[in-house]
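Structure file target_34.tsv; described as TSV, C-alpha atoms.
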```
chain	number	residue	atom	x	y	z
A	1183	MET	CA	-93.81	57.71	-26.74
A	1184	GLU	CA	-94.57	60.64	-24.43
A	1185	GLU	CA	-96.82	61.50	-21.51
A	1186	GLU	CA	-97.74	64.74	-19.81
A	1187	ALA	CA	-96.29	65.16	-16.30
A	1188	GLY	CA	-96.59	68.46	-14.46
A	1189	GLY	CA	-96.96	70.34	-17.73
A	1190	LYS	CA	-93.77	68.81	-19.14
A	1191	LYS	CA	-93.32	66.02	-21.62
A	1192	LYS	CA	-91.03	63.14	-20.90
A	1193	MET	CA	-90.17	59.90	-22.63
A	1194	LEU	CA	-91.71	56.74	-21.29
A	1195	SER	CA	-89.07	54.14	-20.51
A	1196	LYS	CA	-89.14	50.77	-22.18
A	1197	SER	CA	-90.45	47.69	-20.47
A	1198	ILE	CA	-87.64	45.20	-19.78
A	1199	THR	CA	-88.52	41.59	-20.54
A	1200	PRO	CA	-86.69	39.10	-18.32
A	1201	LYS	CA	-84.46	36.63	-20.11
A	1202	LEU	CA	-85.25	34.02	-17.47
A	1203	VAL	CA	-87.79	33.65	-14.65
A	1204	PHE	CA	-87.37	30.94	-12.03
A	1205	GLY	CA	-88.44	30.04	-8.51
A	1206	GLY	CA	-92.04	29.74	-7.47
A	1207	MET	CA	-92.54	26.86	-9.88
A	1208	GLU	CA	-91.04	23.84	-8.18
A	1209	PRO	CA	-93.09	22.17	-5.40
A	1210	GLY	CA	-93.01	24.07	-2.11
A	1211	ALA	CA	-91.29	27.12	-3.60
A	1212	HIS	CA	-94.25	29.45	-3.24
A	1213	SER	CA	-92.75	31.70	-0.60
A	1214	GLU	CA	-91.25	35.16	-0.56
A	1215	VAL	CA	-87.67	35.68	-1.73
A	1216	TYR	CA	-86.25	38.12	0.81
A	1217	ALA	CA	-82.66	38.27	-0.45
A	1218	THR	CA	-80.65	37.16	-3.45
A	1219	GLN	CA	-76.96	37.21	-4.38
A	1220	TYR	CA	-74.70	35.91	-7.13
A	1221	SER	CA	-71.84	33.63	-6.19
A	1222	PRO	CA	-68.39	35.25	-6.47
A	1223	ASP	CA	-67.84	33.69	-9.91
A	1224	GLY	CA	-71.35	34.61	-11.10
A	1225	THR	CA	-72.42	31.06	-11.99
A	1226	LEU	CA	-74.91	30.56	-9.14
A	1227	LEU	CA	-77.66	32.63	-7.57
A	1228	ALA	CA	-78.70	32.06	-3.94
A	1229	CYS	CA	-82.12	33.08	-2.63
A	1230	SER	CA	-83.20	33.22	1.02
A	1231	CYS	CA	-86.87	32.47	1.38
A	1232	GLY	CA	-89.79	32.87	3.73
A	1233	ASP	CA	-90.08	29.10	4.23
A	1234	ALA	CA	-86.81	28.99	6.24
A	1235	SER	CA	-84.72	27.74	3.33
A	1236	ILE	CA	-82.15	28.83	0.76
A	1237	ARG	CA	-82.53	27.89	-2.90
A	1238	VAL	CA	-79.46	28.02	-5.12
A	1239	TYR	CA	-80.00	28.17	-8.88
A	1240	ARG	CA	-77.70	27.81	-11.86
A	1241	VAL	CA	-77.64	31.16	-13.62
A	1242	ASN	CA	-77.41	30.00	-17.23
A	1243	ASP	CA	-80.63	27.96	-17.18
A	1244	GLY	CA	-82.35	28.58	-13.82
A	1245	LYS	CA	-82.05	24.98	-12.66
A	1246	LEU	CA	-82.43	24.46	-8.91
A	1247	LEU	CA	-79.15	22.86	-7.83
A	1248	TYR	CA	-79.26	23.05	-4.03
A	1249	HIS	CA	-82.02	23.46	-1.46
A	1250	LEU	CA	-80.67	24.27	2.01
A	1251	LYS	CA	-83.22	23.87	4.79
A	1252	ALA	CA	-82.84	25.35	8.26
A	1253	ALA	CA	-83.91	23.49	11.39
A	1254	ASP	CA	-86.50	26.06	12.46
A	1255	SER	CA	-89.47	27.43	10.53
A	1256	LEU	CA	-88.84	31.18	10.69
A	1257	PRO	CA	-88.13	33.18	7.51
A	1258	MET	CA	-84.61	33.32	6.14
A	1259	THR	CA	-84.28	37.09	5.88
A	1260	CYS	CA	-80.79	37.66	4.44
A	1261	LEU	CA	-77.68	36.01	3.03
A	1262	ARG	CA	-74.20	36.78	1.73
A	1263	TYR	CA	-71.68	34.70	-0.15
A	1264	ARG	CA	-68.26	34.67	1.49
A	1265	PRO	CA	-65.62	36.19	-0.78
A	1266	VAL	CA	-62.97	33.73	-1.86
A	1267	LEU	CA	-60.36	33.67	0.89
A	1268	ALA	CA	-56.69	33.47	-0.03
A	1269	GLY	CA	-55.28	30.16	1.13
A	1270	SER	CA	-58.66	28.68	2.05
A	1271	LYS	CA	-59.50	25.26	0.68
A	1272	THR	CA	-63.21	25.66	1.39
A	1273	ARG	CA	-65.13	27.34	-1.41
A	1274	ASN	CA	-68.81	27.98	-2.04
A	1275	VAL	CA	-69.61	29.19	1.49
A	1276	LEU	CA	-72.40	31.57	2.38
A	1277	ILE	CA	-73.95	32.93	5.56
A	1278	SER	CA	-77.63	33.42	6.27
A	1279	GLY	CA	-79.62	35.25	8.93
A	1280	ASN	CA	-83.15	34.63	10.08
A	1281	ALA	CA	-85.96	35.95	12.25
A	1282	SER	CA	-84.87	33.86	15.25
A	1283	GLY	CA	-81.52	35.67	15.48
A	1284	THR	CA	-79.58	32.77	13.98
A	1285	ILE	CA	-76.62	33.17	11.62
A	1286	LEU	CA	-75.62	30.00	9.79
A	1287	HIS	CA	-72.48	29.27	7.77
A	1288	TRP	CA	-73.40	26.92	4.92
A	1289	HIS	CA	-71.27	24.85	2.60
A	1290	VAL	CA	-73.52	25.13	-0.42
A	1291	SER	CA	-72.32	22.13	-2.42
A	1292	SER	CA	-72.73	19.63	0.43
A	1293	GLY	CA	-75.68	21.35	2.13
A	1294	LYS	CA	-73.91	21.16	5.48
A	1295	VAL	CA	-74.09	23.80	8.22
A	1296	LEU	CA	-70.50	24.60	9.14
A	1297	HIS	CA	-71.23	26.88	12.08
A	1298	LYS	CA	-74.13	28.41	13.99
A	1299	ILE	CA	-74.27	31.75	15.82
A	1300	THR	CA	-77.26	32.80	17.89
A	1301	GLU	CA	-77.89	36.46	18.69
A	1302	GLN	CA	-80.14	36.33	21.74
A	1303	ASP	CA	-83.39	38.36	21.60
A	1304	ASN	CA	-82.67	39.56	18.09
A	1305	GLN	CA	-83.95	39.10	14.56
A	1306	VAL	CA	-81.21	39.33	11.93
A	1307	PHE	CA	-82.30	41.42	8.95
A	1308	CYS	CA	-79.01	42.09	7.15
A	1309	LEU	CA	-75.47	40.82	6.66
A	1310	ASP	CA	-72.37	41.88	4.76
A	1311	TYR	CA	-68.82	40.64	4.30
A	1312	LYS	CA	-65.70	42.73	4.24
A	1313	SER	CA	-64.21	42.51	0.74
A	1314	ASP	CA	-61.41	40.15	1.81
A	1315	GLY	CA	-63.83	37.85	3.65
A	1316	THR	CA	-62.03	38.08	7.00
A	1317	ARG	CA	-64.94	39.76	8.82
A	1318	PHE	CA	-68.68	40.05	8.47
A	1319	ALA	CA	-71.31	42.31	10.00
A	1320	SER	CA	-74.89	41.68	11.10
A	1321	ALA	CA	-77.75	43.89	12.25
A	1322	GLY	CA	-81.47	43.74	12.85
A	1323	GLN	CA	-84.22	44.19	15.39
A	1324	ASP	CA	-82.15	45.24	18.43
A	1325	TYR	CA	-80.62	48.41	16.87
A	1326	THR	CA	-77.09	46.92	17.14
A	1327	VAL	CA	-74.42	46.36	14.50
A	1328	ARG	CA	-72.18	43.41	15.30
A	1329	VAL	CA	-68.86	42.60	13.66
A	1330	TYR	CA	-67.56	39.02	13.62
A	1331	ASP	CA	-64.17	37.50	12.90
A	1332	GLU	CA	-64.63	34.96	10.10
A	1333	ALA	CA	-61.86	32.64	11.31
A	1334	THR	CA	-63.03	32.32	14.91
A	1335	LYS	CA	-66.73	33.16	14.36
A	1336	SER	CA	-66.53	35.34	17.47
A	1337	CYS	CA	-68.15	38.76	17.86
A	1338	ILE	CA	-65.37	41.36	18.11
A	1339	ARG	CA	-67.44	44.58	18.07
A	1340	GLU	CA	-70.93	45.64	19.11
A	1341	MET	CA	-71.91	49.10	17.91
A	1342	ARG	CA	-74.99	50.63	19.45
A	1343	GLY	CA	-76.21	53.86	20.97
A	1344	SER	CA	-76.33	54.64	24.67
A	1345	TYR	CA	-77.37	57.47	26.94
A	1346	GLY	CA	-74.91	60.26	27.56
A	1347	ARG	CA	-73.09	60.01	24.25
A	1348	GLU	CA	-72.87	62.99	21.99
A	1349	ARG	CA	-73.19	60.67	19.01
A	1350	THR	CA	-75.42	57.67	19.40
A	1351	GLY	CA	-76.11	54.59	17.34
A	1352	HIS	CA	-79.39	53.60	15.75
A	1353	SER	CA	-82.68	54.26	17.49
A	1354	ASN	CA	-84.73	51.74	15.51
A	1355	ARG	CA	-84.46	48.54	13.49
A	1356	ILE	CA	-81.57	48.19	11.04
A	1357	PHE	CA	-82.23	46.69	7.61
A	1358	SER	CA	-78.98	47.22	5.71
A	1359	VAL	CA	-75.25	47.05	6.44
A	1360	LYS	CA	-72.52	47.67	3.87
A	1361	TYR	CA	-68.74	47.57	4.04
A	1362	SER	CA	-66.87	50.24	2.11
A	1363	PRO	CA	-65.17	48.77	-0.98
A	1364	ILE	CA	-62.23	51.20	-0.69
A	1365	ASP	CA	-61.63	51.50	3.08
A	1366	GLU	CA	-61.60	48.34	5.16
A	1367	ASN	CA	-62.29	50.31	8.35
A	1368	ILE	CA	-65.59	51.83	7.15
A	1369	LEU	CA	-69.01	50.25	7.56
A	1370	LEU	CA	-72.40	51.79	6.78
A	1371	SER	CA	-75.74	50.91	8.37
A	1372	ALA	CA	-79.30	52.15	7.85
A	1373	GLY	CA	-82.87	51.40	8.84
A	1374	TRP	CA	-86.10	52.82	10.18
A	1375	ASP	CA	-84.57	55.83	11.97
A	1376	ASN	CA	-84.03	57.80	8.72
A	1377	THR	CA	-80.26	57.84	9.15
A	1378	VAL	CA	-77.30	56.21	7.44
A	1379	LEU	CA	-74.59	55.84	10.07
A	1380	ILE	CA	-70.94	55.72	9.04
A	1381	TRP	CA	-68.85	53.63	11.41
A	1382	ASP	CA	-65.07	53.59	11.62
A	1383	MET	CA	-63.70	50.43	13.22
A	1384	ARG	CA	-61.05	52.58	14.92
A	1385	ALA	CA	-63.67	54.66	16.79
A	1386	ASP	CA	-66.29	53.80	19.42
A	1387	THR	CA	-69.13	55.83	17.89
A	1388	PRO	CA	-70.32	56.73	14.37
A	1389	VAL	CA	-67.95	59.22	12.78
A	1390	ARG	CA	-70.59	60.73	10.49
A	1391	SER	CA	-74.15	60.30	9.33
A	1392	ILE	CA	-76.40	60.97	6.37
A	1393	PHE	CA	-79.86	62.03	7.47
A	1394	GLY	CA	-82.96	61.32	5.40
A	1395	PRO	CA	-83.08	57.80	3.88
A	1396	HIS	CA	-85.81	55.56	5.32
A	1397	VAL	CA	-84.35	52.12	4.63
A	1398	CYS	CA	-86.53	49.02	4.99
A	1399	GLY	CA	-84.50	46.44	3.08
A	1400	ASP	CA	-81.18	45.89	1.33
A	1401	GLY	CA	-81.30	49.51	0.28
A	1402	ILE	CA	-77.77	50.92	0.57
A	1403	ASP	CA	-74.78	50.35	-1.68
A	1404	MET	CA	-71.33	51.89	-2.17
A	1405	HIS	CA	-68.98	52.45	-5.08
A	1406	ASP	CA	-65.78	54.43	-4.58
A	1407	ASN	CA	-66.95	57.58	-2.74
A	1408	LEU	CA	-70.58	57.25	-3.79
A	1409	VAL	CA	-73.43	56.04	-1.57
A	1410	LEU	CA	-76.73	54.86	-3.08
A	1411	THR	CA	-79.86	54.76	-0.92
A	1412	GLY	CA	-83.34	53.39	-1.60
A	1413	SER	CA	-86.11	54.58	0.73
A	1414	TYR	CA	-89.51	53.10	1.52
A	1415	ARG	CA	-91.57	56.24	0.89
A	1416	PRO	CA	-93.72	57.70	-1.92
A	1417	GLU	CA	-91.24	60.35	-3.09
A	1418	HIS	CA	-87.48	61.04	-3.05
A	1419	GLN	CA	-87.00	57.28	-3.00
A	1420	LEU	CA	-83.71	56.78	-4.86
A	1421	GLN	CA	-80.79	59.07	-4.06
A	1422	LEU	CA	-77.06	59.23	-4.76
A	1423	TRP	CA	-74.83	60.82	-2.12
A	1424	ASP	CA	-71.25	61.99	-1.88
A	1425	PHE	CA	-69.62	59.95	0.87
A	1426	GLY	CA	-67.20	62.68	1.90
A	1427	SER	CA	-69.60	65.60	2.22
A	1428	GLY	CA	-72.88	63.77	2.80
A	1429	GLU	CA	-74.51	65.90	0.10
A	1430	ILE	CA	-77.00	64.64	-2.49
A	1431	ILE	CA	-75.50	64.33	-5.96
A	1432	GLN	CA	-78.45	62.88	-7.85
A	1433	GLU	CA	-82.12	61.99	-7.36
A	1434	TYR	CA	-83.73	59.47	-9.69
A	1435	ASP	CA	-87.31	59.80	-10.87
A	1436	PHE	CA	-89.52	57.07	-9.44
A	1437	SER	CA	-92.84	58.75	-10.15
A	1438	THR	CA	-95.52	56.43	-11.53
A	1439	SER	CA	-98.43	56.98	-13.87
A	1440	GLY	CA	-100.72	54.82	-11.71
A	1441	THR	CA	-102.22	55.39	-8.27
A	1442	GLU	CA	-99.58	53.36	-6.41
A	1443	PRO	CA	-96.11	54.82	-5.82
A	1444	CYS	CA	-93.08	52.55	-5.67
A	1445	LEU	CA	-91.80	52.25	-2.10
A	1446	LEU	CA	-88.25	50.95	-2.34
A	1447	TYR	CA	-86.75	47.98	-0.57
A	1448	ALA	CA	-83.68	47.40	-2.76
A	1449	ALA	CA	-81.02	49.55	-4.45
A	1450	ARG	CA	-77.82	48.44	-6.17
A	1451	PHE	CA	-74.99	49.69	-8.38
A	1452	SER	CA	-73.99	47.74	-11.47
A	1453	ARG	CA	-70.70	45.95	-10.88
A	1454	ASN	CA	-69.26	45.05	-14.27
A	1455	ASN	CA	-68.74	48.48	-15.78
A	1456	GLY	CA	-67.58	50.91	-13.12
A	1457	ALA	CA	-71.03	51.27	-11.56
A	1458	THR	CA	-72.33	53.33	-14.47
A	1459	HIS	CA	-75.91	52.18	-13.76
A	1460	VAL	CA	-78.16	51.93	-10.74
A	1461	LEU	CA	-81.08	49.58	-10.17
A	1462	ALA	CA	-83.84	49.76	-7.57
A	1463	GLY	CA	-87.19	48.18	-6.83
A	1464	GLY	CA	-89.92	47.90	-4.27
A	1465	ALA	CA	-93.57	47.50	-3.38
A	1466	GLY	CA	-96.72	49.44	-4.21
A	1467	SER	CA	-96.34	49.47	-7.98
A	1468	HIS	CA	-94.33	46.19	-7.70
A	1469	GLU	CA	-91.55	47.11	-10.11
A	1470	ALA	CA	-87.82	47.60	-10.59
A	1471	ARG	CA	-86.11	50.31	-12.65
A	1472	VAL	CA	-82.74	50.84	-14.31
A	1473	PHE	CA	-81.09	54.27	-14.54
A	1474	GLU	CA	-77.90	55.72	-15.92
A	1475	ARG	CA	-75.99	56.74	-12.82
A	1476	ASP	CA	-74.65	60.13	-13.79
A	1477	SER	CA	-77.35	61.42	-16.14
A	1478	GLY	CA	-80.27	60.00	-14.17
A	1479	VAL	CA	-81.90	58.81	-17.41
A	1480	HIS	CA	-84.50	56.10	-16.78
A	1481	LEU	CA	-83.63	53.25	-19.17
A	1482	GLY	CA	-86.26	50.65	-18.41
A	1483	THR	CA	-88.70	49.03	-16.01
A	1484	VAL	CA	-89.35	45.44	-14.93
A	1485	ARG	CA	-93.07	44.94	-14.30
A	1486	ASP	CA	-95.72	42.21	-14.02
A	1487	MET	CA	-94.85	41.04	-10.50
A	1488	THR	CA	-97.74	40.28	-8.15
A	1489	GLN	CA	-95.73	41.27	-5.06
A	1490	GLY	CA	-93.00	43.79	-4.33
A	1491	VAL	CA	-89.31	43.61	-5.20
A	1492	TYR	CA	-87.44	42.70	-2.00
A	1493	SER	CA	-83.90	42.29	-3.29
A	1494	ILE	CA	-81.69	43.06	-6.29
A	1495	ASP	CA	-78.18	41.92	-7.12
A	1496	THR	CA	-76.01	42.70	-10.13
A	1497	HIS	CA	-73.73	40.21	-11.83
A	1498	PRO	CA	-70.00	40.64	-11.10
A	1499	ASP	CA	-68.92	40.28	-14.74
A	1500	SER	CA	-71.85	41.21	-17.00
A	1501	SER	CA	-74.78	43.58	-17.42
A	1502	GLN	CA	-77.15	41.05	-15.87
A	1503	ALA	CA	-79.20	41.60	-12.73
A	1504	ALA	CA	-81.40	39.42	-10.54
A	1505	ILE	CA	-84.74	40.86	-9.39
A	1506	ALA	CA	-86.19	38.92	-6.43
A	1507	SER	CA	-89.85	39.31	-5.50
A	1508	GLY	CA	-92.29	38.55	-2.75
A	1509	ASP	CA	-94.21	36.44	-5.26
A	1510	GLY	CA	-91.51	33.77	-4.94
A	1511	THR	CA	-89.86	34.37	-8.31
A	1512	VAL	CA	-86.51	35.72	-9.49
A	1513	ARG	CA	-86.20	37.51	-12.82
A	1514	LEU	CA	-82.87	37.70	-14.62
A	1515	ILE	CA	-82.58	40.75	-16.87
A	1516	GLU	CA	-80.00	42.28	-19.21
A	1517	PHE	CA	-79.99	46.01	-18.52
A	1518	LEU	CA	-77.65	46.96	-21.39
```
Exercise: express the given structure as C-alpha cells:
Amino acid sequence: MEEEAGGKKKMLSKSITPKLVFGGMEPGAHSEVYATQYSPDGTLLACSCGDASIRVYRVNDGKLLYHLKAADSLPMTCLRYRPVLAGSKTRNVLISGNASGTILHWHVSSGKVLHKITEQDNQVFCLDYKSDGTRFASAGQDYTVRVYDEATKSCIREMRGSYGRERTGHSNRIFSVKYSPIDENILLSAGWDNTVLIWDMRADTPVRSIFGPHVCGDGIDMHDNLVLTGSYRPEHQLQLWDFGSGEIIQEYDFSTSGTEPCLLYAARFSRNNGATHVLAGGAGSHEARVFERDSGVHLGTVRDMTQGVYSIDTHPDSSQAAIASGDGTVRLIEFL
C-alpha cells in the first residue's frame, strides 16, 4: 500500500496489534502511566502511575501481582529496577521518584519501603542506575543532576550550572538521565534546554554536549557509542547521534498522514539483538513506532491509544516491548 508524500511514493507501515493490553481495567487503575520498566529477568513489568502508586504486572499474562502505594498523593513520575548486585541477598528492588522530590527504595515482593530520600524544593522527573547497581542518578525540576551511592544512600555529587563557568549545567528542567553502558564514568542528561549534556564523573563540569534535542520525557538512550534522542516537537523528532563526534547519523521519519504530529516523550533501543531496532512514541497522534536502526525503515506503528505514549521499555531477552500510555494502559508488542 502506498501514499503520496511530497511528490514521492512510500510504503505505509503495518499496524502492530498488541499481544496483551493491561492496566486501566482493575478498580482505581484509571490514571496515567508515566514510566515503565521490565525487571532484570524480564518476568515482571513495573509501572509508575499518576495516582502515587506503582503497579507491577506479570509479563506472561498481565496479572497484577503487586500494588505499591506511596504515603503522599502526588504522581509517581519515574522508576528504575536496581540491577542485580553481586553478593547482595536482597533481590527485586526498585527506586521511584515523584513530584514531591521523594525517592523511595521499594522491596517489590513485600511492598516495603526500604529507604526514603527527600530532595528539598525539587520534583524528581527521572532516574537511572549505573549498570553494576552501585550508584544511581536523579534529576528534575531544579536543573540539577544528583548522583547517589547505593550502599549508603548518600548524595555524592551534585552537577549543576553556575555563573562564571565557561561550561555550565542545565538551564531548565531535566527529564532524562542515562548512564553509559560502556564507560562507568559517563552520564548523559537532557531536558527542556535543547541540550544533551555529557558528564564525566572525574570532572566538575560537562565535558561535551549535543545541541538540539528537546527532551520532555524518558527520551534518551545509549548503545555502545550511539545516542538515541526523542524530542517533543513536530519535526526532527527521532535522531541517532555518534557519541564521539556529536554528529547526527540517522533521522527517522515520524511524519503523519493526519493533522496531528507525534511529539515524542519516549525513545528506546532494542536490547536483545544488539540494538538493531529503535522504538519511540509520544503525544499528538498518540502512537509508537518501530524502526530498523541502521536503515531507518519504518516497520510498524502501535495506534488506538486515547492519550499519548509516555514511556517505552524493551525486553532484555526478546523482541518484546512495553508501550505505556497516559490512558492508563500498557501494551505489550512483538516488534519482530
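Residues in contact range of Gly1269 in chain A, defined as at most 12 Å between all atoms listed in the file, with sequence neighbours fewer than 5 positions away removed, read Asp1314, Gly1315 and Thr1316 of chain A.
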Taking only C-alpha atoms into account, produce a table as a tab-separated table in which each residue of range 1286-1307 of chain A with an atom at most 8 Å from an atom of range 1245-1267 of chain A appears once, together with its shortest atom pair and the distance in Å to one decimal, ordered by chain and rising number.
```
residue	atom	partner	partner_atom	distance
A:Val1290	CA	A:Tyr1248	CA	7.1
A:Ser1291	CA	A:Tyr1248	CA	7.2
A:Gly1293	CA	A:Leu1250	CA	5.8
A:Val1306	CA	A:Thr1259	CA	7.1
A:Phe1307	CA	A:Thr1259	CA	5.7
```
May I have a table of the residues of range 1300-1409 of chain A lying at most 8 Å from range 1420-1443 of chain A, giving each one's closest pair of atoms and their distance in Å to one decimal, counting only C-alpha atoms, ordered by chain and ascending residue number, as CSV?
```
residue,atom,partner,partner_atom,distance
A:Ser1391,CA,A:Gly1428,CA,7.5
A:Ile1392,CA,A:Gly1428,CA,5.7
A:Asn1407,CA,A:Phe1425,CA,5.1
A:Leu1408,CA,A:Asp1424,CA,5.2
A:Val1409,CA,A:Trp1423,CA,5.0
```
Worksheet item: Contacts of range 1366-1380 of chain A at 6 Å or less, counting all atoms listed in the file, minus same-chain residues fewer than 3 places along, as JSON, numbers by chain?
Response: {"A": [1354, 1355, 1356, 1357, 1358, 1359, 1360, 1361, 1362, 1383, 1388, 1389, 1390, 1391, 1392, 1393, 1394, 1395, 1396, 1397, 1398]}
Would you write out those residues with C-alpha atoms, as a PDB file, in the frame of the given file?
```pdb
ATOM      1  CA  ASN A1354     -84.730  51.740  15.510  1.00  0.00           C
ATOM      2  CA  ARG A1355     -84.460  48.540  13.490  1.00  0.00           C
ATOM      3  CA  ILE A1356     -81.570  48.190  11.040  1.00  0.00           C
ATOM      4  CA  PHE A1357     -82.230  46.690   7.610  1.00  0.00           C
ATOM      5  CA  SER A1358     -78.980  47.220   5.710  1.00  0.00           C
ATOM      6  CA  VAL A1359     -75.250  47.050   6.440  1.00  0.00           C
ATOM      7  CA  LYS A1360     -72.520  47.670   3.870  1.00  0.00           C
ATOM      8  CA  TYR A1361     -68.740  47.570   4.040  1.00  0.00           C
ATOM      9  CA  SER A1362     -66.870  50.240   2.110  1.00  0.00           C
ATOM     10  CA  MET A1383     -63.700  50.430  13.220  1.00  0.00           C
ATOM     11  CA  PRO A1388     -70.320  56.730  14.370  1.00  0.00           C
ATOM     12  CA  VAL A1389     -67.950  59.220  12.780  1.00  0.00           C
ATOM     13  CA  ARG A1390     -70.590  60.730  10.490  1.00  0.00           C
ATOM     14  CA  SER A1391     -74.150  60.300   9.330  1.00  0.00           C
ATOM     15  CA  ILE A1392     -76.400  60.970   6.370  1.00  0.00           C
ATOM     16  CA  PHE A1393     -79.860  62.030   7.470  1.00  0.00           C
ATOM     17  CA  GLY A1394     -82.960  61.320   5.400  1.00  0.00           C
ATOM     18  CA  PRO A1395     -83.080  57.800   3.880  1.00  0.00           C
ATOM     19  CA  HIS A1396     -85.810  55.560   5.320  1.00  0.00           C
ATOM     20  CA  VAL A1397     -84.350  52.120   4.630  1.00  0.00           C
ATOM     21  CA  CYS A1398     -86.530  49.020   4.990  1.00  0.00           C
TER      22      CYS A1398
END
```
Practice prompt. Return the single residue from A:Ser1278, A:Ser1467, A:Ser1313, A:Thr1483 that is closest to Ile1364 in chain A, with distances computed using only C-alpha atoms.
Written response: A:Ser1313
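For the set A:Gly1490, A:Gly1510, A:Gly1283, A:Gly1456, the residue with the smallest atom-to-atom gap to Asp1476 in chain A is A:Gly1456, counting all atoms listed in the file.
CA of Lys1312 in chain A lies 8.0 Å from CA of Pro1363 in chain A.
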First collect every listed atom of range 1465-1482 of chain A; then fit an axis-aligned box around them, widen it by 6 Å on each side, and give centre and edge lengths in Å to one decimal, as lines of an AutoDock Vina configuration file.
```
center_x = -85.7
center_y = 53.8
center_z = -11.3
size_x = 34.1
size_y = 27.2
size_z = 27.8
```
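We find CA of Glu1474 in chain A and CA of Gly1224 in chain A to be spaced 22.6 Å apart.
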Fill in: One-decimal distance in Å that lies between CA of His1459 in chain A and CA of Phe1204 in chain A
24.2 Å
Worksheet item: Using all atoms listed in the file, which of the listed residues (A:Ser1500, A:Gln1489, A:Ser1452, A:Ser1477) sits closest to His1405 in chain A?
Response: A:Ser1452
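With all atoms listed in the file as the atoms that count, the minimum distance from Ala1465 in chain A to the choices A:Asp1243, A:Asp1324, A:Asp1509, A:Glu1516 is reached by A:Asp1509.
Distances to Gly1279 in chain A were evaluated for A:Arg1339, A:Arg1513, A:Lys1298, A:Arg1415 using all atoms listed in the file, and the minimum falls at A:Lys1298.
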Worksheet entry | Test item: which residues lie within 10 Å of (-71.8, 33.1, -7.2) counting all atoms listed in the file, as a PyMOL selection string | chain A and resi 1219-1228+1238-1241+1262-1265+1274-1276+1497-1498
Item to complete: Find, counting all atoms listed in the file, the residue in A:Gln1502, A:Thr1334, A:Ser1270, A:Asn1304 that gets nearest to Thr1284 in chain A.
Response: A:Asn1304
